[in-house]
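Engineer: Data file data_14.tsv (TSV, C-alpha atoms) is appended below.
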chain	number	residue	atom	x	y	z
A	1	MET	CA	9.63	122.46	-269.14
A	2	SER	CA	12.55	124.48	-267.79
A	3	PHE	CA	12.66	125.65	-264.19
A	4	SER	CA	11.96	129.28	-263.34
A	5	PRO	CA	12.66	130.16	-259.71
A	6	PRO	CA	9.68	131.70	-257.91
A	7	PRO	CA	10.08	135.13	-256.29
A	8	TYR	CA	12.15	134.93	-253.13
A	9	PRO	CA	9.57	135.04	-250.31
A	10	TYR	CA	10.85	138.13	-248.54
A	11	GLU	CA	11.03	140.12	-251.76
A	12	ARG	CA	7.23	140.21	-251.62
A	13	LEU	CA	7.21	142.48	-248.58
A	14	ASP	CA	7.96	145.79	-250.32
A	15	VAL	CA	4.31	146.88	-250.11
A	16	LEU	CA	4.42	146.47	-246.32
A	17	LYS	CA	7.65	148.46	-246.06
A	18	LYS	CA	6.01	151.33	-247.96
A	19	LEU	CA	3.13	151.38	-245.46
A	20	ALA	CA	5.53	151.38	-242.52
A	21	ASP	CA	7.69	154.09	-244.06
A	22	THR	CA	5.03	156.71	-243.32
A	23	HIS	CA	6.04	156.62	-239.63
A	24	ASP	CA	8.84	158.71	-238.15
A	25	GLY	CA	11.97	156.61	-238.13
A	26	GLY	CA	10.71	154.39	-240.93
A	27	PRO	CA	10.01	150.66	-240.86
A	28	ILE	CA	10.76	148.50	-237.84
A	29	ASP	CA	11.67	145.40	-239.80
A	30	CYS	CA	10.84	142.19	-237.94
A	31	SER	CA	10.24	140.11	-241.05
A	32	ILE	CA	13.51	138.16	-241.25
A	33	GLY	CA	15.18	136.36	-238.35
A	34	THR	CA	18.50	138.19	-238.70
A	35	PRO	CA	20.17	138.66	-235.30
A	36	VAL	CA	20.77	142.30	-234.39
A	37	ASP	CA	22.64	142.02	-231.08
A	38	ALA	CA	26.41	142.00	-230.71
A	39	PRO	CA	28.26	138.69	-231.03
A	40	PRO	CA	30.84	137.72	-228.39
A	41	ALA	CA	33.96	139.89	-228.53
A	42	ALA	CA	36.24	136.86	-228.11
A	43	VAL	CA	34.80	135.31	-231.27
A	44	LEU	CA	35.51	138.44	-233.32
A	45	GLU	CA	39.02	138.62	-231.90
A	46	GLU	CA	39.68	135.04	-232.97
A	47	LEU	CA	38.19	135.71	-236.42
A	48	ALA	CA	40.52	138.69	-236.88
A	49	LYS	CA	43.57	136.45	-236.41
A	50	GLY	CA	42.84	134.76	-239.75
A	51	THR	CA	43.86	131.35	-238.43
A	52	GLY	CA	44.31	128.93	-241.33
A	53	ALA	CA	43.50	131.47	-244.03
A	54	ARG	CA	46.42	130.51	-246.27
A	55	GLY	CA	45.48	126.89	-246.75
A	56	TYR	CA	42.37	124.96	-247.74
A	57	PRO	CA	40.19	124.05	-244.76
A	58	THR	CA	38.92	120.54	-244.25
A	59	SER	CA	35.37	119.96	-245.46
A	60	GLN	CA	34.35	117.97	-242.39
A	61	GLY	CA	35.61	120.67	-240.04
A	62	SER	CA	38.87	121.01	-238.16
A	63	PRO	CA	39.49	118.85	-235.08
A	64	GLU	CA	39.02	121.95	-232.90
A	65	TYR	CA	35.75	122.84	-234.60
A	66	ARG	CA	34.29	119.36	-234.26
A	67	ALA	CA	35.53	118.94	-230.69
A	68	SER	CA	33.93	122.21	-229.62
A	69	VAL	CA	30.53	121.43	-231.12
A	70	ALA	CA	30.58	117.85	-229.79
A	71	ALA	CA	31.35	119.16	-226.30
A	72	TRP	CA	28.51	121.69	-226.58
A	73	MET	CA	26.02	119.04	-227.69
A	74	ASN	CA	27.09	116.76	-224.87
A	75	ARG	CA	26.74	119.33	-222.10
A	76	ARG	CA	23.58	120.92	-223.55
A	77	PHE	CA	21.64	117.75	-224.28
A	78	GLY	CA	23.29	115.14	-222.08
A	79	LEU	CA	24.74	113.19	-225.01
A	80	SER	CA	27.97	111.27	-225.56
A	81	LEU	CA	28.91	112.33	-229.07
A	82	SER	CA	32.43	112.09	-230.42
A	83	SER	CA	33.93	114.32	-233.08
A	84	ASN	CA	33.37	111.53	-235.61
A	85	ASP	CA	29.60	111.70	-235.11
A	86	LEU	CA	29.32	115.09	-236.84
A	87	ALA	CA	30.61	117.30	-239.63
A	88	ALA	CA	30.57	120.96	-240.59
A	89	CYS	CA	28.25	122.71	-243.03
A	90	ILE	CA	28.23	126.25	-244.44
A	91	GLY	CA	25.45	127.54	-242.26
A	92	THR	CA	22.47	125.23	-242.32
A	93	LYS	CA	20.43	126.66	-245.19
A	94	GLU	CA	22.76	125.21	-247.80
A	95	PHE	CA	22.52	121.83	-246.08
A	96	VAL	CA	18.71	122.01	-246.05
A	97	GLY	CA	18.70	122.92	-249.73
A	98	ASN	CA	21.10	120.17	-250.83
A	99	VAL	CA	20.66	117.13	-248.61
A	100	ALA	CA	17.61	115.66	-250.38
A	101	GLY	CA	19.48	115.50	-253.68
A	102	TYR	CA	22.43	113.73	-252.05
A	103	LEU	CA	20.16	111.24	-250.32
A	104	HIS	CA	18.47	110.57	-253.68
A	105	LEU	CA	21.85	109.59	-255.15
A	106	ARG	CA	22.12	107.05	-252.33
A	107	SER	CA	18.51	105.80	-252.66
A	108	PRO	CA	17.38	106.50	-256.24
A	109	GLU	CA	14.23	104.40	-255.77
A	110	ARG	CA	12.92	107.07	-253.38
A	111	ASP	CA	11.90	110.54	-254.57
A	112	THR	CA	9.87	112.29	-251.85
A	113	VAL	CA	10.67	114.88	-249.19
A	114	LEU	CA	8.24	115.06	-246.26
A	115	TYR	CA	8.18	118.37	-244.39
A	116	PRO	CA	5.93	120.26	-241.94
A	117	SER	CA	2.98	121.95	-243.65
A	118	ILE	CA	3.85	125.21	-241.84
A	119	SER	CA	7.59	125.61	-242.05
A	120	TYR	CA	10.74	127.25	-243.35
A	121	PRO	CA	10.32	127.33	-247.17
A	122	THR	CA	13.70	125.75	-247.96
A	123	TYR	CA	12.61	122.24	-246.93
A	124	ALA	CA	10.25	122.09	-249.89
A	125	MET	CA	12.50	124.15	-252.18
A	126	GLY	CA	15.36	121.72	-251.56
A	127	ALA	CA	13.21	118.99	-253.08
A	128	THR	CA	12.31	121.18	-256.05
A	129	LEU	CA	15.92	122.10	-256.73
A	130	SER	CA	16.79	118.39	-256.78
A	131	GLY	CA	13.93	117.45	-259.11
A	132	LEU	CA	12.09	115.62	-256.32
A	133	ARG	CA	8.58	115.56	-254.88
A	134	SER	CA	7.78	117.54	-251.75
A	135	VAL	CA	4.80	116.50	-249.65
A	136	PRO	CA	3.64	118.57	-246.66
A	137	VAL	CA	2.81	116.77	-243.42
A	138	ALA	CA	-0.13	118.23	-241.52
A	139	ILE	CA	0.46	119.85	-238.14
A	140	THR	CA	-2.00	118.80	-235.41
A	141	ASN	CA	-1.77	120.34	-231.94
A	142	GLY	CA	1.56	121.82	-232.95
A	143	LYS	CA	3.15	118.49	-233.90
A	144	LEU	CA	3.72	116.52	-237.09
A	145	ASP	CA	0.64	114.39	-237.74
A	146	LEU	CA	2.61	111.30	-238.71
A	147	ASP	CA	-0.53	109.18	-238.86
A	148	ALA	CA	-1.80	111.38	-241.68
A	149	ILE	CA	1.11	110.54	-243.99
A	150	ASP	CA	-0.09	108.53	-246.97
A	151	PRO	CA	1.57	105.07	-246.92
A	152	ASN	CA	2.58	105.52	-250.57
A	153	ASP	CA	4.37	108.76	-249.70
A	154	ALA	CA	6.08	107.04	-246.77
A	155	GLU	CA	7.35	104.29	-249.09
A	156	ARG	CA	8.78	106.90	-251.46
A	157	ALA	CA	10.22	109.13	-248.72
A	158	LEU	CA	13.91	110.04	-248.82
A	159	VAL	CA	13.72	112.14	-245.69
A	160	LEU	CA	11.31	113.43	-243.07
A	161	TRP	CA	12.06	116.93	-241.81
A	162	ALA	CA	11.29	117.98	-238.26
A	163	ASN	CA	11.83	121.48	-236.90
A	164	SER	CA	11.68	122.03	-233.16
A	165	PRO	CA	11.39	124.72	-231.89
A	166	SER	CA	9.50	125.54	-235.04
A	167	ASN	CA	10.12	128.40	-237.40
A	168	PRO	CA	7.61	130.07	-237.65
A	169	THR	CA	5.19	128.75	-235.00
A	170	GLY	CA	7.54	128.44	-232.02
A	171	LEU	CA	6.01	125.08	-231.11
A	172	LEU	CA	7.90	122.01	-229.91
A	173	ASP	CA	7.49	118.71	-231.74
A	174	ASP	CA	7.60	115.14	-230.45
A	175	LEU	CA	11.09	114.25	-231.68
A	176	GLU	CA	11.08	110.79	-230.12
A	177	ARG	CA	7.97	109.88	-232.10
A	178	ALA	CA	9.44	111.30	-235.31
A	179	ALA	CA	12.61	109.24	-234.84
A	180	SER	CA	10.59	106.09	-234.19
A	181	TRP	CA	8.41	106.68	-237.27
A	182	GLY	CA	11.48	107.00	-239.46
A	183	ARG	CA	13.25	103.94	-238.06
A	184	GLN	CA	10.20	101.74	-238.55
A	185	ARG	CA	10.12	102.70	-242.26
A	186	GLY	CA	13.80	103.14	-243.06
A	187	VAL	CA	13.32	106.88	-243.65
A	188	PRO	CA	16.07	109.21	-242.39
A	189	VAL	CA	14.73	111.94	-240.09
A	190	VAL	CA	16.55	115.26	-240.06
A	191	SER	CA	15.72	117.48	-237.08
A	192	ASP	CA	16.42	121.17	-237.62
A	193	GLU	CA	17.22	122.36	-234.09
A	194	CYS	CA	18.81	125.75	-234.74
A	195	TYR	CA	16.56	127.49	-232.17
A	196	ALA	CA	17.09	124.94	-229.40
A	197	GLU	CA	19.01	127.39	-227.21
A	198	PHE	CA	15.86	129.52	-227.09
A	199	THR	CA	13.47	126.96	-225.64
A	200	TRP	CA	10.98	128.50	-223.22
A	201	ALA	CA	8.86	125.45	-222.32
A	202	GLY	CA	11.33	123.43	-220.28
A	203	ARG	CA	14.83	122.48	-221.29
A	204	PRO	CA	16.29	122.32	-224.83
A	205	ARG	CA	15.70	119.03	-226.65
A	206	SER	CA	17.47	117.16	-229.45
A	207	ILE	CA	16.34	114.18	-231.48
A	208	LEU	CA	19.72	112.59	-230.66
A	209	GLU	CA	18.56	112.07	-227.07
A	210	HIS	CA	16.50	109.19	-228.48
A	211	GLY	CA	19.39	107.44	-230.21
A	212	LEU	CA	21.50	108.15	-233.28
A	213	ASP	CA	20.25	105.44	-235.63
A	214	GLY	CA	18.54	106.85	-238.71
A	215	VAL	CA	18.49	110.46	-237.52
A	216	LEU	CA	20.47	113.67	-237.90
A	217	ALA	CA	20.34	116.85	-235.83
A	218	LEU	CA	21.13	120.11	-237.59
A	219	HIS	CA	22.53	123.11	-235.71
A	220	SER	CA	23.81	126.58	-236.58
A	221	ILE	CA	25.90	129.26	-234.89
A	222	SER	CA	23.73	131.94	-236.55
A	223	LYS	CA	20.99	132.28	-233.93
A	224	ARG	CA	22.86	130.92	-230.92
A	225	SER	CA	25.67	133.47	-231.03
A	226	ASN	CA	24.40	136.27	-233.33
A	227	LEU	CA	26.80	135.15	-236.05
A	228	ALA	CA	24.57	134.56	-239.08
A	229	GLY	CA	27.12	136.25	-241.35
A	230	LEU	CA	29.79	133.64	-240.64
A	231	ARG	CA	27.76	130.85	-242.28
A	232	ALA	CA	28.72	127.93	-240.07
A	233	GLY	CA	26.84	124.98	-238.66
A	234	PHE	CA	27.01	121.22	-238.35
A	235	TYR	CA	25.03	118.00	-238.69
A	236	ALA	CA	25.34	115.15	-236.22
A	237	GLY	CA	23.91	111.69	-235.63
A	238	ASP	CA	23.76	108.39	-237.50
A	239	GLU	CA	27.31	107.25	-238.27
A	240	THR	CA	26.46	105.91	-241.73
A	241	LEU	CA	24.56	109.03	-242.78
A	242	VAL	CA	27.23	111.38	-241.44
A	243	SER	CA	29.99	109.43	-243.19
A	244	TYR	CA	28.12	109.36	-246.50
A	245	LEU	CA	27.22	113.05	-246.49
A	246	ARG	CA	30.70	114.04	-245.32
A	247	SER	CA	32.20	112.23	-248.31
A	248	VAL	CA	29.73	113.61	-250.87
A	249	ARG	CA	30.10	117.15	-249.56
A	250	GLN	CA	33.89	116.85	-249.67
A	251	HIS	CA	33.69	115.94	-253.36
A	252	ALA	CA	31.36	118.90	-253.96
A	253	GLY	CA	33.79	121.31	-252.31
A	254	PHE	CA	31.69	122.47	-249.36
A	255	MET	CA	34.10	124.03	-246.84
A	256	VAL	CA	33.62	126.44	-243.96
A	257	ALA	CA	36.40	129.05	-244.14
A	258	ALA	CA	39.24	128.18	-241.75
A	259	PRO	CA	39.21	131.49	-239.83
A	260	VAL	CA	35.46	131.03	-239.38
A	261	GLN	CA	35.99	127.53	-238.03
A	262	ALA	CA	38.47	128.84	-235.47
A	263	ALA	CA	36.08	131.59	-234.38
A	264	VAL	CA	33.07	129.29	-234.14
A	265	ALA	CA	35.04	126.89	-231.94
A	266	VAL	CA	35.46	129.77	-229.50
A	267	ALA	CA	31.73	130.51	-229.61
A	268	TYR	CA	30.68	126.93	-228.90
A	269	ASN	CA	33.07	126.77	-225.95
A	270	ASP	CA	31.22	129.60	-224.20
A	271	ASP	CA	27.66	129.53	-222.87
A	272	GLU	CA	27.49	132.79	-220.93
A	273	HIS	CA	26.85	134.99	-223.95
A	274	VAL	CA	23.96	132.69	-224.91
A	275	ASN	CA	22.44	132.95	-221.46
A	276	ALA	CA	22.44	136.75	-221.79
A	277	GLN	CA	20.92	136.61	-225.27
A	278	ARG	CA	18.23	134.23	-224.07
A	279	GLU	CA	17.04	136.79	-221.54
A	280	ARG	CA	16.97	139.55	-224.17
A	281	TYR	CA	14.69	137.49	-226.38
A	282	ARG	CA	12.48	136.44	-223.47
A	283	SER	CA	11.99	140.08	-222.47
A	284	ARG	CA	11.20	141.18	-226.01
A	285	LEU	CA	8.74	138.39	-226.58
A	286	THR	CA	6.89	139.16	-223.36
A	287	MET	CA	6.69	142.89	-224.05
A	288	MET	CA	5.52	142.55	-227.64
A	289	SER	CA	3.03	139.78	-226.84
A	290	GLU	CA	1.34	142.02	-224.29
A	291	ALA	CA	1.32	145.06	-226.60
A	292	LEU	CA	-0.25	143.09	-229.46
A	293	ARG	CA	-3.01	141.83	-227.20
A	294	SER	CA	-3.97	145.47	-226.53
A	295	VAL	CA	-5.11	145.78	-230.17
A	296	GLY	CA	-6.91	142.43	-230.29
A	297	VAL	CA	-4.08	140.39	-231.80
A	298	ASP	CA	-3.66	136.86	-230.46
A	299	ALA	CA	0.08	136.61	-229.85
A	300	PRO	CA	0.80	133.80	-227.36
A	301	MET	CA	4.27	133.27	-225.97
A	302	PRO	CA	6.00	130.55	-228.02
A	303	GLU	CA	7.33	127.30	-226.61
A	304	GLY	CA	10.63	128.12	-228.29
A	305	ALA	CA	12.44	130.35	-230.82
A	306	PHE	CA	12.26	134.15	-230.94
A	307	TYR	CA	9.14	134.60	-233.05
A	308	LEU	CA	5.56	135.47	-232.22
A	309	TRP	CA	3.03	133.59	-234.36
A	310	CYS	CA	0.03	135.89	-234.38
A	311	SER	CA	-3.51	136.12	-235.69
A	312	LYS	CA	-6.48	138.45	-235.51
A	313	SER	CA	-10.09	137.39	-235.97
A	314	GLY	CA	-11.49	138.31	-239.37
A	315	MET	CA	-8.12	138.95	-241.01
A	316	ASP	CA	-5.73	136.88	-243.08
A	317	GLY	CA	-2.00	137.22	-242.67
A	318	TRP	CA	-1.47	139.86	-245.35
A	319	GLU	CA	-4.27	142.00	-243.91
A	320	LEU	CA	-2.86	141.73	-240.40
A	321	ALA	CA	0.64	142.52	-241.67
A	322	ALA	CA	-0.71	145.65	-243.38
A	323	LEU	CA	-2.52	146.68	-240.19
A	324	LEU	CA	0.66	146.40	-238.11
A	325	ALA	CA	2.68	148.34	-240.68
A	326	GLU	CA	0.10	151.14	-240.63
A	327	LYS	CA	-0.36	151.24	-236.84
A	328	CYS	CA	3.19	150.98	-235.57
A	329	ALA	CA	5.64	150.59	-238.53
A	330	LEU	CA	6.24	146.89	-237.83
A	331	VAL	CA	7.14	144.93	-240.96
A	332	VAL	CA	6.28	141.27	-240.36
A	333	SER	CA	6.05	138.11	-242.44
A	334	PRO	CA	2.58	136.94	-243.52
A	335	GLY	CA	2.15	133.30	-242.59
A	336	GLU	CA	1.38	132.28	-246.16
A	337	LEU	CA	5.13	132.49	-246.83
A	338	TYR	CA	5.47	129.36	-244.66
A	339	GLY	CA	2.74	127.30	-246.33
A	340	ASP	CA	-0.94	127.56	-247.13
A	341	ASP	CA	-1.86	126.37	-243.63
A	342	GLY	CA	-0.28	129.52	-242.22
A	343	ALA	CA	-2.35	131.91	-244.31
A	344	ASN	CA	-4.24	133.43	-241.35
A	345	PHE	CA	-1.13	134.24	-239.30
A	346	VAL	CA	1.89	136.51	-239.25
A	347	ARG	CA	5.36	135.88	-237.86
A	348	ILE	CA	7.12	138.62	-235.91
A	349	ALA	CA	10.84	138.22	-235.24
A	350	MET	CA	12.30	139.85	-232.13
A	351	VAL	CA	15.35	141.06	-234.04
A	352	GLN	CA	15.27	144.82	-233.58
A	353	PRO	CA	17.01	146.73	-230.78
A	354	ASP	CA	14.98	147.08	-227.60
A	355	GLU	CA	14.27	150.76	-228.19
A	356	ARG	CA	12.79	150.09	-231.63
A	357	LEU	CA	10.54	147.31	-230.34
A	358	GLU	CA	9.50	149.49	-227.40
A	359	LEU	CA	8.54	152.23	-229.87
A	360	ALA	CA	6.33	149.79	-231.78
A	361	ALA	CA	4.77	148.61	-228.51
A	362	GLU	CA	4.04	152.18	-227.40
A	363	ARG	CA	2.31	152.90	-230.69
A	364	LEU	CA	0.20	149.79	-230.35
A	365	ARG	CA	-0.86	150.64	-226.79
A	366	ALA	CA	-1.72	154.19	-227.84
A	367	SER	CA	-3.79	153.20	-230.89
Let's see the structure in the file written out as structure tokens.
Structural biologist:
Amino acid sequence: MSFSPPPYPYERLDVLKKLADTHDGGPIDCSIGTPVDAPPAAVLEELAKGTGARGYPTSQGSPEYRASVAAWMNRRFGLSLSSNDLAACIGTKEFVGNVAGYLHLRSPERDTVLYPSISYPTYAMGATLSGLRSVPVAITNGKLDLDAIDPNDAERALVLWANSPSNPTGLLDDLERAASWGRQRGVPVVSDECYAEFTWAGRPRSILEHGLDGVLALHSISKRSNLAGLRAGFYAGDETLVSYLRSVRQHAGFMVAAPVQAAVAVAYNDDEHVNAQRERYRSRLTMMSEALRSVGVDAPMPEGAFYLWCSKSGMDGWELAALLAEKCALVVSPGELYGDDGANFVRIAMVQPDERLELAAERLRAS
């Protein structure tokens, strides 16, 4: 049977946008985690120079690119990475969608992708696009329930995905335990850490703090620096895995544009703009959490990321999403988009300007 792609998840939200469009000013779209705030001016200035535009960029990333991200990882997480411990990727979504297929070429006897049962849809879709099995891992108390993984699935596993802070739940996982589970079974663990800069419960964490063997950390400039349109990220960790993937991806022609690499190096060398953005998100989360509680919506502050994972007694996620669109023009993502276990929730991204979010909050408090 041939493959027919399912509808793209966010294309299913048109009915919610129509409900929200009845309000003055139209929908306040918080469904997709697209940054709305200004990126650093110095990054845009560097991008405008067009450094390296005439020639082909290196697939692994320029020395400047890799040095800047290694230095950031080391100062942010207390690591001792070198530039050889990492390589560039074109944003992180393409890496998520492709890595299982490349690992299958390396280990053809394994055919299974393990991923959180409530999670970013591309973990499972990456398995599908590679002709592989995807098996959800239950979430218990906000963490991967590794004890619940069927031993047969563990034996067939190509990769275990972790995501901390989680999209969509905002919860923090036990990355040390995930790394240990993978090492004991020879299963690579890839930790998607693209929201680490926005960790509210303590300091940012990386799986690499618990050793590099058998693990990769995945990071993106998109959320950290409001530069999702540049499509630039990197993977770091186990020397053998990095070397293998770097080689395969070079053959496949994956290259971050050279002017983008130069600009991203500037972004990773600066932390002040991230500190300012962190406070914007913290303020928005607090305000919207309080406003939602005024209409009986359970919207706890997350442990990390810039999403509220919300529920309301007696409603599923689509019903709650419709209610919010009608009451205050918010367009949010029903939790079912992130797995069946999320069906009774919605995800609200704090990615509208302050005045738009304040308008939604005022409408909620007045309803």
Engineer: What is the atom CA of Arg293 of chain A to atom CA of Leu308 of chain A distance in Å?
Structural biologist: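 Going from atom CA of Arg293 of chain A over to atom CA of Leu308 of chain A covers 11.8 Å.
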Engineer: Quick one: everything within 12 Å of Leu245 of chain A, counting only C-alpha atoms, minus sequence neighbours fewer than 3 positions away in the same chain. Send it as a PDB file with C-alpha atoms, in the frame of the given file.
Structural biologist:
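So the final result, stored in result_18.pdb, reads:
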ATOM      1  CA  SER A  59      35.370 119.960-245.460  1.00  0.00           C
ATOM      2  CA  GLN A  60      34.350 117.970-242.390  1.00  0.00           C
ATOM      3  CA  ASP A  85      29.600 111.700-235.110  1.00  0.00           C
ATOM      4  CA  LEU A  86      29.320 115.090-236.840  1.00  0.00           C
ATOM      5  CA  ALA A  87      30.610 117.300-239.630  1.00  0.00           C
ATOM      6  CA  ALA A  88      30.570 120.960-240.590  1.00  0.00           C
ATOM      7  CA  CYS A  89      28.250 122.710-243.030  1.00  0.00           C
ATOM      8  CA  PHE A  95      22.520 121.830-246.080  1.00  0.00           C
ATOM      9  CA  ASN A  98      21.100 120.170-250.830  1.00  0.00           C
ATOM     10  CA  VAL A  99      20.660 117.130-248.610  1.00  0.00           C
ATOM     11  CA  ALA A 100      17.610 115.660-250.380  1.00  0.00           C
ATOM     12  CA  GLY A 101      19.480 115.500-253.680  1.00  0.00           C
ATOM     13  CA  TYR A 102      22.430 113.730-252.050  1.00  0.00           C
ATOM     14  CA  LEU A 103      20.160 111.240-250.320  1.00  0.00           C
ATOM     15  CA  HIS A 104      18.470 110.570-253.680  1.00  0.00           C
ATOM     16  CA  LEU A 105      21.850 109.590-255.150  1.00  0.00           C
ATOM     17  CA  ARG A 106      22.120 107.050-252.330  1.00  0.00           C
ATOM     18  CA  LEU A 216      20.470 113.670-237.900  1.00  0.00           C
ATOM     19  CA  PHE A 234      27.010 121.220-238.350  1.00  0.00           C
ATOM     20  CA  TYR A 235      25.030 118.000-238.690  1.00  0.00           C
ATOM     21  CA  ALA A 236      25.340 115.150-236.220  1.00  0.00           C
ATOM     22  CA  GLY A 237      23.910 111.690-235.630  1.00  0.00           C
ATOM     23  CA  ASP A 238      23.760 108.390-237.500  1.00  0.00           C
ATOM     24  CA  GLU A 239      27.310 107.250-238.270  1.00  0.00           C
ATOM     25  CA  THR A 240      26.460 105.910-241.730  1.00  0.00           C
ATOM     26  CA  LEU A 241      24.560 109.030-242.780  1.00  0.00           C
ATOM     27  CA  VAL A 242      27.230 111.380-241.440  1.00  0.00           C
ATOM     28  CA  VAL A 248      29.730 113.610-250.870  1.00  0.00           C
ATOM     29  CA  ARG A 249      30.100 117.150-249.560  1.00  0.00           C
ATOM     30  CA  GLN A 250      33.890 116.850-249.670  1.00  0.00           C
ATOM     31  CA  HIS A 251      33.690 115.940-253.360  1.00  0.00           C
ATOM     32  CA  ALA A 252      31.360 118.900-253.960  1.00  0.00           C
ATOM     33  CA  PHE A 254      31.690 122.470-249.360  1.00  0.00           C
TER      34      PHE A 254
END
Engineer: Any idea what the distance is between atom CA of Ser83 of chain A and atom CA of Val274 of chain A?
Structural biologist: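 Atom-to-atom, atom CA of Ser83 of chain A to atom CA of Val274 of chain A, that is 22.4 Å.
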Engineer: Out of A:Gly97, A:Pro9, A:Pro27, A:Gly182, which residue has the shortest atom-to-atom distance to Ala154 of chain A when counting only C-alpha atoms?
Structural biologist: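 For Ala154 of chain A, the nearest of the candidates is A:Gly182.
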Engineer: Nearest to Ser313 of chain A among A:Thr286, A:Ser367, A:Thr92, A:Asn344, with distances taken over only C-alpha atoms: which residue is it?
Structural biologist: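 Ranked by minimum distance to Ser313 of chain A, first place goes to A:Asn344.
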Engineer: Out of A:Met315, A:Ala127, A:Asp341, A:Gly304, which residue has the shortest atom-to-atom distance to Thr140 of chain A when counting all atoms listed in the file?
Structural biologist: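 Smallest distance to Thr140 of chain A is found for A:Asp341.
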Engineer: So which one's closest to Trp161 of chain A, A:Tyr115, A:Tyr338, A:Trp181, A:Trp200? Using all atoms listed in the file, please.
Structural biologist: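 Ranking A:Tyr115, A:Tyr338, A:Trp181, A:Trp200 by distance to Trp161 of chain A, first place goes to A:Tyr115.
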Engineer: Rounded to one decimal place, report the atom CA of Gly142 of chain A-atom CA of Leu172 of chain A distance in Å.
Structural biologist: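 Value for the atom CA of Gly142 of chain A-atom CA of Leu172 of chain A distance: 7.0 Å.
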Engineer: So which one's closest to Ser225 of chain A, A:Ala343, A:Ala41, A:Ala124, A:Leu364? Using only C-alpha atoms, please.
Structural biologist: A:Ala41
Engineer: Between A:Ala53, A:Arg66, A:His23, A:Val159, which residue has the minimum interatomic distance to Ser82 of chain A, considering only C-alpha atoms?
Structural biologist: A:Arg66
Engineer: So which residues touch segment 259-263 of chain A within 10 Å, counting all atoms listed in the file, skipping near sequence neighbours fewer than 5 positions away, as a ChimeraX atom specification?
Structural biologist: /A:42-54,57-58,61-66,68,88,230-233,268
Engineer: Leaving out Glu209 of chain A and any residue of its chain fewer than 5 positions from it, which residues lie within 10 Å of it when counting only C-alpha atoms, given as a list in words?
Structural biologist: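 The residues satisfying every condition are Asn74, Phe77, Gly78, Leu79, Ser80, Leu175 and Glu176 of chain A.
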Engineer: Using only C-alpha atoms, find all polymer residues with an atom at most 12 Å away from the point (-9.4, 140.9, -232.1); report them as a list in words.
Structural biologist: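 All residues meeting the 12 Å criterion around (-9.4, 140.9, -232.1) are Leu292, Arg293, Ser294, Val295, Gly296, Val297, Asp298, Ala299, Cys310, Ser311, Lys312, Ser313, Gly314, Met315 and Leu320 of chain A.
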Engineer: Taking all listed atoms of segment 27-42 of chain A, build the axis-aligned box, pad each of the six sides by 3 Å, then write its centre and edge lengths in Å to one decimal as lines of an AutoDock Vina configuration file.
Structural biologist:
center_x = 23.1
center_y = 143.5
center_z = -234.7
size_x = 32.2
size_y = 20.3
size_z = 19.1
Engineer: If we count all atoms listed in the file and set the cut-off at 10 Å, which residues sit around Leu132 of chain A, ignoring sequence neighbours fewer than 2 positions away in its own chain? Please answer as an mmCIF file with C-alpha atoms, in the coordinates of the input.
Structural biologist:
data_model
loop_
_atom_site.group_PDB
_atom_site.id
_atom_site.type_symbol
_atom_site.label_atom_id
_atom_site.label_comp_id
_atom_site.auth_asym_id
_atom_site.auth_seq_id
_atom_site.Cartn_x
_atom_site.Cartn_y
_atom_site.Cartn_z
ATOM 1 C CA ALA A 100 17.610 115.660 -250.380
ATOM 2 C CA GLY A 101 19.480 115.500 -253.680
ATOM 3 C CA HIS A 104 18.470 110.570 -253.680
ATOM 4 C CA ARG A 110 12.920 107.070 -253.380
ATOM 5 C CA ASP A 111 11.900 110.540 -254.570
ATOM 6 C CA THR A 112 9.870 112.290 -251.850
ATOM 7 C CA VAL A 113 10.670 114.880 -249.190
ATOM 8 C CA ALA A 124 10.250 122.090 -249.890
ATOM 9 C CA MET A 125 12.500 124.150 -252.180
ATOM 10 C CA GLY A 126 15.360 121.720 -251.560
ATOM 11 C CA ALA A 127 13.210 118.990 -253.080
ATOM 12 C CA THR A 128 12.310 121.180 -256.050
ATOM 13 C CA LEU A 129 15.920 122.100 -256.730
ATOM 14 C CA SER A 130 16.790 118.390 -256.780
ATOM 15 C CA SER A 134 7.780 117.540 -251.750
ATOM 16 C CA VAL A 135 4.800 116.500 -249.650
ATOM 17 C CA LEU A 158 13.910 110.040 -248.820
#
Engineer: Just want the 9 Å neighbourhood of Thr34 of chain A, counted on all atoms listed in the file, with same-chain residues fewer than 4 positions away dropped. Output as a ChimeraX atom specification.
Structural biologist: /A:30,222-223,226,228,349,351-352
Engineer: Name the residues, using the chain letters and numbers of the file, that sit within 12 Å of (2.1, 155.1, -246.4) when counting only C-alpha atoms, and give them as a list of chain:residue names.
Structural biologist: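 Residues lying no farther than 12 Å from the given point: A:Asp14, A:Val15, A:Leu16, A:Lys17, A:Lys18, A:Leu19, A:Ala20, A:Asp21, A:Thr22, A:His23, A:Asp24, A:Gly26, A:Pro27, A:Ala322, A:Leu323, A:Ala325, A:Glu326, A:Lys327, A:Cys328, A:Ala329.
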